[in-house]
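*Asks:* Sharing a structure with you now.
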Amino acid sequence: MTDERHSSVAGQPATSDTAGALHSVPLPPGWDEAVRLDEDPATIPDPASVEVPAELRAEVERRMAMYPEHHSAVLPALAAAQQVHGWCSPEAIEQVAAVMQVTPAYLSSVATFYDMLRTQPLGSHYLYVCTGVACHLRNAKAVYESIEAQAGEQGLEDWEVREFECLGACDMAPMASIDGRFIGPIEEGDAGELVTALNEGRQPFPGRGLSDPGFRLPWADGGAAPDRPGPPEQPDVHPAGGTWKDAEVLDMPPAEGPSPHPRPLLKPLDPGTSEVPEPDEEP
Amino acid sequence: MTETRVLLANIDEPDLNTIAVYERLGGYRAMRKALLEMSAEDVLHELGESGLRGRGGAGFSMGKKASFIPKGAMDKYLCCNADESEPGTFKDRLLMQKNPHLLVEGCIIGSIAAGANKGFIFIRGEYSVQADILEDAVAEAYEKGYLGERILDSGHTFDLVVHRGQGAYICGEETGLLDALEGKRGNPRLKPPFPANQGLYQGPTLINNVETLCNAPIIIDHGADWYRKFGEGNSTGTKIVSVSGNVQRPGNFEVELGVTVRELIYGLAGGPPEGRELKCFFPGGSSAPVLTKEHLDLPYTFEAMAQAGSMLGSGAIIVVDESEPLVPLALRLAEFYRHESCGKCVPCREGTNWTVKVLERVDEGEGTPMDLEILEQVQGNIIGNCLCVLGDSMAMPVASMLTHFREEFEQHMEEARLARDLEELPAMGAGELGAVPEAGPV
Ligand SMILES: Cc1cc2nc3c(=O)[nH]c(=O)nc-3n(C[C@H](O)[C@H](O)[C@H](O)COP(=O)(O)O)c2cc1C
Ligand code: FES
């Protein structure tokens, strides 16, 4: 966010080393162009003179009505405009600005802050490959590189392919999000089929999506996570597994028999600080 | 090796996300009780007595926070923090996807305690499937009359809106969340004033994590005394712990606070792969300083993790085994925080950038012993000096890795430098050290 101000020059795609790169601080195209001081800043567009697709207008207005302060609808409105236009193009921004009666500059300032709002025409679908810390520990970088290589080799039109930060599915690491459908665990060898399926308009790896019917992690039934072989034991779920509808049962002692790892009494590591500090200095 | 399922008790029930199934299993009973049999003070009192502490990161008492909301007639708000972007954390996702009505009910109870008439669930945009499910649940609750004007003919009115973020970790920080919700860049605000006094649209606002709010119906249903039986000391209740990284069975496990870390990592998650030892672990998401093998037998509580020099945070354990080199891991971690720094305050914006640069040098063989000193200094200058704790969230784990594993950093730096030097030696046979270049034409 700090480092990703994009050019206001429309229609100029980001170069491959700026797209999704987490490693170098990319200089967005147009960064060295002088500000046009002789031009007036864009003002709030006249609603009568901007044509807005009916559906988009309805969605933005519906959203504006949901909040006590209509500015709150900026994020949902930009997301809706991105759906219509494929990205937050100057045209998309102009249309939202006309409906919401704010300046285009204000909307651009918001759009450039958020990773999911595209300020470059990178494609109207997204494939986010997570290389966050937990996925990093499971070979995610190599998975991302093989997907990127396949996308380069086979071509992948209209898809924004990028590395992404933790997507909140580290249990299925390494994983990726295809327009919000989480799939995982994926391996380097899956890259070819993944890209081919997207190109053919098929859903890649049916059954391996988090929200696919009947989805289970490969090790849920006693296996181990990929490339981590070994015979894991099944956890014994608390016998009172169904309890909150039935409180009394949970009052049973949690486990039968001694724990294999007896719990020691807590001793402070630093005898000087036996007082627990309050975690937050709220009022 | 036992899970104690309270929040997740019915999680495998088919169609739990529908209001029919949820109600069949006792859902919305607590809401009725809170609205029809209890006063707002009773609800607040019960939540306070339960000892429930925030599950989003800071671990602040929920009842206490709700009690800071001023009384009297004015616009007050409830915000549910469903941004869940802390690396390693995926518990809220499970709750929202499988049991969205528990959260809706929790929001209603939270709104009674705070006296709020308008609520927002701020969910990260990447969770689009979960947001759809939540929106359906909210619509079902409206249909039943559990949301909206004068719920169940009580005096309480509460509207709930699902608001999607668009990808920014900093929107999980409570004041960044408020700015994002007001339609701005998600920059954190200076505190005080705290959101309880001046939050959303400058009105008093209660902000709680998804899991925190999901505990509320359970506390109201069974009572604070029942709830306090779970857990240890000032860490009451159960906690959904996300275990990930180098373990054989990553996943969400609900345990009583106070089970040992060993039980979580080895008992439930299967431990590191066969034949490998644990090197270190993040006990509370990637922002928590790492702990090592000697901490495995500590009870998993807010207090014990703090005393060991780390924190329970969001309740996400990321396990790192001995085969994993730490420098690239630290680098990946620092890159995350650099990317997510909003840029508003200098120590965070510059500090995260310099940390990445120095770690890159070390990893690529350009580093010198002075780089490690600088690395340490930079972390020291970040901690405690930022507008919000995002900067600290990078500095603390990086500093802790450096403290516990300094030798490995030094060795990595030396090896990388040697490797680079070897690469740069031109035309030296197979690149063997000490090989004599063949005599070329004079
Ligand atoms: C950089 C940063 C990111 C945070 N991200 C989250 C988050 O994703 N989810 C969350 O619940 N709390 C997050 N928090 C903590 C919130 O600021 C806040 O403490 C929490 O939502 C309060 O809810 P609780 O009392 O129920 O834990 C974050 C804090 C910081 C500083
Ligand atoms: S690190 Fe990849 S999903 Fe969390």
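If you're wondering about the labels, chains in the structure tokens are A, B, ... by order shown, residues count from 1 in each chain, ligands from 1 in order shown.
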Residues within 6 Å of ligand 1 (only C-alpha atoms and all ligand atoms), as a list in words?

*Replies:*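 Counting only C-alpha atoms and all ligand atoms, the residues within 6 Å of ligand 1 come out as Gly54, Arg55, Gly56, Gly57, Ala58, Gly59, Phe60, Met62, Asn81, Ala82, Asp83, Glu84, Ser85, Glu86, Ile170, Gly172, Glu173, Glu174, Ile207, Asn208, Asn209, Thr212, Cys388, Val389 and Leu390 of chain B.
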
*Asks:* Check which residues fall inside 6 Å of ligand 2 when counting only C-alpha atoms and all ligand atoms, and print them as JSON, numbers by chain.

*Replies:* {"A": [130, 131, 132, 133, 134, 135, 166, 167, 168, 169, 170, 173], "B": [87, 88]}

*Asks:* Selected residues, N, CA, C and O atoms, written as a JSON list (two decimals), in the first residue's frame, please.

*Replies:*
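Written out: again.json:
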[["chain", "number", "residue", "atom", "x", "y", "z"],
["A", 130, "CYS", "N", -1.41, -17.63, -2.27],
["A", 130, "CYS", "CA", -0.93, -17.18, -0.97],
["A", 130, "CYS", "C", 0.52, -17.61, -0.77],
["A", 130, "CYS", "O", 0.87, -18.76, -0.98],
["A", 131, "THR", "N", 1.36, -16.64, -0.42],
["A", 131, "THR", "CA", 2.73, -16.97, -0.04],
["A", 131, "THR", "C", 3.01, -16.42, 1.36],
["A", 131, "THR", "O", 4.13, -16.09, 1.70],
["A", 132, "GLY", "N", 1.96, -16.28, 2.16],
["A", 132, "GLY", "CA", 2.10, -15.79, 3.53],
["A", 132, "GLY", "C", 2.97, -16.73, 4.37],
["A", 132, "GLY", "O", 3.39, -17.78, 3.90],
["A", 133, "VAL", "N", 3.20, -16.32, 5.61],
["A", 133, "VAL", "CA", 4.16, -17.04, 6.45],
["A", 133, "VAL", "C", 3.86, -18.54, 6.56],
["A", 133, "VAL", "O", 4.73, -19.38, 6.37],
["A", 134, "ALA", "N", 2.60, -18.87, 6.85],
["A", 134, "ALA", "CA", 2.27, -20.28, 7.05],
["A", 134, "ALA", "C", 2.37, -21.04, 5.73],
["A", 134, "ALA", "O", 2.82, -22.19, 5.69],
["A", 135, "CYS", "N", 1.96, -20.42, 4.64],
["A", 135, "CYS", "CA", 2.07, -21.07, 3.33],
["A", 135, "CYS", "C", 3.55, -21.16, 2.91],
["A", 135, "CYS", "O", 3.97, -22.14, 2.30],
["A", 166, "CYS", "N", -1.45, -13.68, 3.62],
["A", 166, "CYS", "CA", -2.26, -14.74, 4.24],
["A", 166, "CYS", "C", -3.74, -14.55, 3.93],
["A", 166, "CYS", "O", -4.33, -13.52, 4.23],
["A", 167, "LEU", "N", -4.34, -15.56, 3.32],
["A", 167, "LEU", "CA", -5.74, -15.47, 2.92],
["A", 167, "LEU", "C", -6.68, -16.07, 3.96],
["A", 167, "LEU", "O", -7.88, -16.18, 3.74],
["A", 168, "GLY", "N", -6.12, -16.48, 5.09],
["A", 168, "GLY", "CA", -6.97, -17.02, 6.15],
["A", 168, "GLY", "C", -7.39, -18.45, 5.90],
["A", 168, "GLY", "O", -8.50, -18.85, 6.23],
["A", 169, "ALA", "N", -6.51, -19.22, 5.30],
["A", 169, "ALA", "CA", -6.81, -20.63, 5.07],
["A", 169, "ALA", "C", -5.53, -21.44, 5.18],
["A", 169, "ALA", "O", -5.25, -22.31, 4.36],
["A", 170, "CYS", "N", -4.74, -21.15, 6.21],
["A", 170, "CYS", "CA", -3.44, -21.79, 6.35],
["A", 170, "CYS", "C", -3.59, -23.27, 6.67],
["A", 170, "CYS", "O", -2.62, -24.02, 6.63],
["A", 173, "ALA", "N", -2.87, -24.97, 3.42],
["A", 173, "ALA", "CA", -1.68, -24.45, 2.76],
["A", 173, "ALA", "C", -0.91, -25.54, 2.02],
["A", 173, "ALA", "O", -0.89, -26.67, 2.47],
["B", 87, "PRO", "N", -1.61, -13.25, 9.86],
["B", 87, "PRO", "CA", -1.13, -14.50, 9.28],
["B", 87, "PRO", "C", -1.20, -15.66, 10.27],
["B", 87, "PRO", "O", -0.81, -15.52, 11.42],
["B", 88, "GLY", "N", -1.73, -16.77, 9.81],
["B", 88, "GLY", "CA", -1.85, -17.96, 10.65],
["B", 88, "GLY", "C", -3.22, -18.13, 11.26],
["B", 88, "GLY", "O", -3.51, -19.17, 11.85]]

*Asks:* Leaving out segment 73-85 of chain A and any residue of its chain fewer than 2 positions from it, which residues lie within 8 Å of it when counting only C-alpha atoms, given as a list in words?

*Replies:*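 Counting only the stated atoms, we get Leu56, Glu59, Val60, Arg63, Met64, Tyr67, His70, His71, Trp87, Cys88, Ser89, Ala92, Ile93, Val96, Leu107, Ala111, Leu117, Arg118 and Ser124 of chain A; His163, Arg164, Gly165, Gln166, Ala180, Glu182, Gly183 and Lys184 of chain B.
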
*Asks:* Can you spit out the residues from that selection as a compact mmCIF listing (two decimals), in the first residue's frame, using N, CA, C and O atoms?

*Replies:*
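Okay, out35.txt is ready:
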# COMPACT_ATOMS: atom_id res chain seq x y z
N LEU A 56 -25.45 -0.67 -12.09
CA LEU A 56 -24.43 -0.12 -11.20
C LEU A 56 -25.02 1.00 -10.37
O LEU A 56 -24.82 1.07 -9.16
N GLU A 59 -27.14 -0.46 -7.62
CA GLU A 59 -26.36 -1.08 -6.55
C GLU A 59 -25.72 -0.03 -5.65
O GLU A 59 -25.75 -0.14 -4.43
N VAL A 60 -25.16 1.01 -6.26
CA VAL A 60 -24.51 2.05 -5.46
C VAL A 60 -25.55 2.76 -4.59
O VAL A 60 -25.33 3.01 -3.41
N ARG A 63 -26.62 0.61 -1.72
CA ARG A 63 -25.58 0.59 -0.69
C ARG A 63 -25.59 1.89 0.13
O ARG A 63 -25.45 1.87 1.35
N MET A 64 -25.73 3.01 -0.57
CA MET A 64 -25.70 4.29 0.13
C MET A 64 -26.83 4.39 1.16
O MET A 64 -26.67 4.99 2.22
N TYR A 67 -26.34 2.96 5.06
CA TYR A 67 -25.48 3.53 6.11
C TYR A 67 -26.02 4.88 6.56
O TYR A 67 -26.59 5.63 5.76
N HIS A 70 -23.58 8.41 3.89
CA HIS A 70 -23.53 7.69 2.61
C HIS A 70 -22.10 7.44 2.11
O HIS A 70 -21.87 6.57 1.30
N HIS A 71 -21.10 8.17 2.65
CA HIS A 71 -19.72 7.91 2.26
C HIS A 71 -19.28 6.49 2.59
O HIS A 71 -18.34 5.96 2.00
N TRP A 87 -12.00 -3.21 -13.72
CA TRP A 87 -11.04 -2.55 -12.84
C TRP A 87 -11.57 -1.16 -12.51
O TRP A 87 -12.58 -0.73 -13.06
N CYS A 88 -10.89 -0.48 -11.60
CA CYS A 88 -11.34 0.88 -11.24
C CYS A 88 -10.77 1.85 -12.26
O CYS A 88 -9.88 2.64 -11.97
N SER A 89 -11.29 1.78 -13.46
CA SER A 89 -10.82 2.64 -14.54
C SER A 89 -11.30 4.06 -14.28
O SER A 89 -12.21 4.28 -13.49
N ALA A 92 -14.92 4.14 -14.58
CA ALA A 92 -15.63 3.55 -13.44
C ALA A 92 -15.67 4.53 -12.28
O ALA A 92 -16.71 4.73 -11.63
N ILE A 93 -14.52 5.16 -12.03
CA ILE A 93 -14.43 6.12 -10.93
C ILE A 93 -15.37 7.31 -11.18
O ILE A 93 -16.07 7.76 -10.28
N VAL A 96 -18.99 6.29 -10.39
CA VAL A 96 -19.28 6.21 -8.95
C VAL A 96 -19.32 7.62 -8.37
O VAL A 96 -20.19 7.96 -7.55
N LEU A 107 -12.08 9.20 -4.63
CA LEU A 107 -12.27 7.77 -4.88
C LEU A 107 -10.95 7.10 -5.27
O LEU A 107 -10.67 5.98 -4.84
N ALA A 111 -9.18 3.91 -3.68
CA ALA A 111 -8.93 2.71 -4.49
C ALA A 111 -7.47 2.27 -4.43
O ALA A 111 -7.17 1.08 -4.39
N LEU A 117 -8.76 -3.78 -5.02
CA LEU A 117 -9.25 -2.85 -6.03
C LEU A 117 -8.14 -2.63 -7.05
O LEU A 117 -7.02 -2.27 -6.69
N ARG A 118 -8.43 -2.89 -8.31
CA ARG A 118 -7.41 -2.79 -9.35
C ARG A 118 -7.40 -1.39 -9.94
O ARG A 118 -8.43 -0.93 -10.44
N SER A 124 -10.18 -9.13 -15.29
CA SER A 124 -11.38 -8.93 -14.49
C SER A 124 -11.62 -10.09 -13.52
O SER A 124 -12.57 -10.07 -12.74
N HIS B 163 -20.41 -5.62 5.87
CA HIS B 163 -19.62 -4.69 5.08
C HIS B 163 -18.31 -5.37 4.68
O HIS B 163 -17.57 -5.85 5.53
N ARG B 164 -18.04 -5.41 3.38
CA ARG B 164 -16.83 -6.10 2.92
C ARG B 164 -15.66 -5.16 2.77
O ARG B 164 -15.79 -4.10 2.15
N GLY B 165 -14.53 -5.54 3.32
CA GLY B 165 -13.29 -4.81 3.09
C GLY B 165 -12.81 -5.12 1.68
O GLY B 165 -13.43 -5.88 0.94
N GLN B 166 -11.69 -4.51 1.30
CA GLN B 166 -11.16 -4.77 -0.05
C GLN B 166 -9.67 -5.12 0.00
O GLN B 166 -8.94 -4.81 -0.94
N ALA B 180 -12.06 2.76 7.41
CA ALA B 180 -12.45 2.02 6.21
C ALA B 180 -13.98 1.97 6.11
O ALA B 180 -14.55 2.10 5.03
N GLU B 182 -15.98 4.12 7.21
CA GLU B 182 -16.50 5.44 6.87
C GLU B 182 -16.20 5.81 5.42
O GLU B 182 -16.44 6.93 4.99
N GLY B 183 -15.60 4.87 4.69
CA GLY B 183 -15.36 5.10 3.27
C GLY B 183 -14.05 5.80 2.98
O GLY B 183 -13.92 6.48 1.96
N LYS B 184 -13.07 5.63 3.88
CA LYS B 184 -11.78 6.29 3.65
C LYS B 184 -10.68 5.25 3.49
O LYS B 184 -10.93 4.05 3.58

*Asks:* Neighbours of Ser49 of chain A within 12 Å (only C-alpha atoms; same-chain residues fewer than 4 positions away dropped), as a PDB file with N, CA, C and O atoms, in the first residue's frame?

*Replies:*
ATOM      1  N   ILE A  44     -16.640  17.495  -8.655  1.00  0.00           N
ATOM      2  CA  ILE A  44     -17.718  16.515  -8.543  1.00  0.00           C
ATOM      3  C   ILE A  44     -18.508  16.512  -9.850  1.00  0.00           C
ATOM      4  O   ILE A  44     -18.978  17.557 -10.290  1.00  0.00           O
ATOM      5  N   PRO A  45     -18.610  15.341 -10.498  1.00  0.00           N
ATOM      6  CA  PRO A  45     -19.254  15.320 -11.814  1.00  0.00           C
ATOM      7  C   PRO A  45     -20.739  15.683 -11.727  1.00  0.00           C
ATOM      8  O   PRO A  45     -21.395  15.382 -10.729  1.00  0.00           O
ATOM      9  N   GLU A  94     -15.392   7.773 -12.415  1.00  0.00           N
ATOM     10  CA  GLU A  94     -16.255   8.908 -12.786  1.00  0.00           C
ATOM     11  C   GLU A  94     -17.727   8.570 -12.514  1.00  0.00           C
ATOM     12  O   GLU A  94     -18.484   9.384 -11.994  1.00  0.00           O
ATOM     13  N   GLN A  95     -18.097   7.334 -12.862  1.00  0.00           N
ATOM     14  CA  GLN A  95     -19.499   6.947 -12.676  1.00  0.00           C
ATOM     15  C   GLN A  95     -19.874   6.885 -11.201  1.00  0.00           C
ATOM     16  O   GLN A  95     -20.934   7.366 -10.793  1.00  0.00           O
ATOM     17  N   ALA A  97     -18.368   8.460  -8.820  1.00  0.00           N
ATOM     18  CA  ALA A  97     -18.320   9.832  -8.314  1.00  0.00           C
ATOM     19  C   ALA A  97     -19.610  10.579  -8.639  1.00  0.00           C
ATOM     20  O   ALA A  97     -20.124  11.355  -7.825  1.00  0.00           O
ATOM     21  N   ALA A  98     -20.156  10.314  -9.824  1.00  0.00           N
ATOM     22  CA  ALA A  98     -21.391  10.996 -10.229  1.00  0.00           C
ATOM     23  C   ALA A  98     -22.562  10.566  -9.355  1.00  0.00           C
ATOM     24  O   ALA A  98     -23.377  11.390  -8.940  1.00  0.00           O
ATOM     25  N   VAL A  99     -22.631   9.251  -9.053  1.00  0.00           N
ATOM     26  CA  VAL A  99     -23.763   8.777  -8.249  1.00  0.00           C
ATOM     27  C   VAL A  99     -23.599   9.210  -6.789  1.00  0.00           C
ATOM     28  O   VAL A  99     -24.550   9.656  -6.144  1.00  0.00           O
TER      29      VAL A  99
END

*Asks:* Segment 406-420 of chain B: which residues within 7 Å, counting only C-alpha atoms, same-chain residues fewer than 4 positions away excluded, as a list of chain:residue names?

*Replies:*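 Final neighbour list, sorted by chain and number: B:Val327, B:Val362, B:Asp363, B:Glu364, B:Gly365, B:Glu366, B:Gly367, B:Leu402, B:Glu424.
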